[in-house]
Amino acid sequence: MGSEKKATQLTHKAYFEQKLAERLHYLSDKGLEAGRIDKDSIARKIKSKIREINGRLKTIEAREQRTTELARAKEAKAAAAAQGDVVPEAAPEVKEPKKKKKKKEDKAAG
């Protein structure tokens, strides 16, 4: 999906930052005080869009970092296997069997 790409998000962020700068310039030219500018609903909505995009960018960056770490681990494992070293596999978790619930009939009989 296009909205999950880093370049798309950076483009959106630049667009909203420009819109915010234009809005703040307009309000300051209008002669509003800093307190009134902070309370402007349009500027607040634009700021919230920028915060949303920053969150998406952090998620994308974390995903990219995880991918590179997994690729690095895969390369190290392949190199170790090529050299003949024994690469310990992760031991599978041993699950204990679940206890069966006794039915009411079993309780009455027992």
# chains A, B, ... in the order shown; residues from 1 in each chain; ligands from 1

$ residues_around --residues "segment 51-59 of chain A" --least-positions-apart "4" --cutoff "9 Å" --atoms "only C-alpha atoms" --output "compact mmCIF listing (two decimals) with N, CA and C atoms, in the first residue's frame"
# COMPACT_ATOMS: atom_id res chain seq x y z
N GLU A 4 2.07 3.16 3.24
CA GLU A 4 3.02 2.54 4.14
C GLU A 4 4.46 2.78 3.70
N LYS A 5 4.66 3.47 2.58
CA LYS A 5 6.00 3.73 2.09
C LYS A 5 6.55 4.98 2.74
N LYS A 6 7.82 4.94 3.03
CA LYS A 6 8.47 6.04 3.72
C LYS A 6 8.45 7.32 2.88
N GLN A 9 5.07 9.04 3.07
CA GLN A 9 4.85 9.70 4.35
C GLN A 9 5.68 10.98 4.47
N LEU A 10 6.91 10.95 3.97
CA LEU A 10 7.74 12.15 4.01
C LEU A 10 7.14 13.26 3.14
N HIS A 12 3.92 13.64 2.51
CA HIS A 12 2.75 14.13 3.25
C HIS A 12 3.19 15.06 4.38
N LYS A 13 4.25 14.67 5.07
CA LYS A 13 4.74 15.48 6.18
C LYS A 13 5.18 16.85 5.69
N ILE A 46 -3.78 20.57 11.73
CA ILE A 46 -2.59 20.33 10.90
C ILE A 46 -1.48 19.75 11.76
N LYS A 47 -1.31 20.28 12.98
CA LYS A 47 -0.30 19.75 13.88
C LYS A 47 -0.58 18.30 14.23
N ARG A 63 10.25 -1.14 11.51
CA ARG A 63 10.10 -2.30 10.63
C ARG A 63 11.34 -2.49 9.77
N GLU A 64 11.89 -1.39 9.24
CA GLU A 64 13.10 -1.48 8.43
C GLU A 64 14.28 -1.97 9.26

$ residues_around --residues "Leu24 of chain A" --least-positions-apart "5" --cutoff "10 Å" --atoms "only C-alpha atoms" --output "ChimeraX atom specification"
/A:18-19,29-30,32,34,37-38,40,42-43

$ write_last_selection --atoms "N, CA and C atoms" --output "compact mmCIF listing (two decimals), in the first residue's frame"
# COMPACT_ATOMS: atom_id res chain seq x y z
N GLN A 18 4.24 22.64 5.36
CA GLN A 18 4.09 23.86 4.57
C GLN A 18 2.74 24.51 4.86
N LYS A 19 1.68 23.71 4.94
CA LYS A 19 0.35 24.24 5.25
C LYS A 19 0.35 24.90 6.62
N ASP A 29 0.01 37.61 10.48
CA ASP A 29 -0.26 38.82 9.69
C ASP A 29 -1.60 39.44 10.08
N LYS A 30 -2.51 38.59 10.51
CA LYS A 30 -3.82 39.06 10.93
C LYS A 30 -3.73 39.81 12.26
N LEU A 32 -2.97 38.31 15.37
CA LEU A 32 -3.37 37.52 16.54
C LEU A 32 -2.18 37.29 17.46
N ALA A 34 0.08 35.10 20.31
CA ALA A 34 0.59 33.72 20.29
C ALA A 34 -0.40 32.75 20.95
N ILE A 37 -3.17 32.08 18.52
CA ILE A 37 -2.68 31.27 17.40
C ILE A 37 -2.62 29.80 17.81
N ASP A 38 -2.19 29.52 19.04
CA ASP A 38 -2.11 28.14 19.53
C ASP A 38 -3.48 27.50 19.62
N ASP A 40 -5.99 28.11 17.55
CA ASP A 40 -6.62 28.04 16.23
C ASP A 40 -6.89 26.59 15.86
N ILE A 42 -7.73 25.13 13.00
CA ILE A 42 -7.12 24.63 11.76
C ILE A 42 -5.65 24.29 11.99
N ALA A 43 -4.95 25.17 12.71
CA ALA A 43 -3.53 24.91 12.99
C ALA A 43 -3.38 23.67 13.87

$ closest_residue --among "A:Arg23, A:Glu61, A:Glu17, A:Thr67" --to "Ser48 of chain A" --atoms "only C-alpha atoms"
A:Glu17

$ select_by_dssp --residues "chain A" --states "alpha helix (DSSP H)" --output "PyMOL selection string"
chain A and resi 6-30+34-38+41-83+104-109

$ atom_distance --atom1 "atom CA of Leu20 of chain A" --atom2 "atom CA of Arg44 of chain A"
9.0 Å

$ closest_residue --among "A:Glu69, A:Ser41, A:Arg36, A:Ile60" --to "Ala7 of chain A" --atoms "only C-alpha atoms"
A:Ile60

$ atom_distance --atom1 "atom CA of Ile50 of chain A" --atom2 "atom CA of His25 of chain A"
17.5 Å
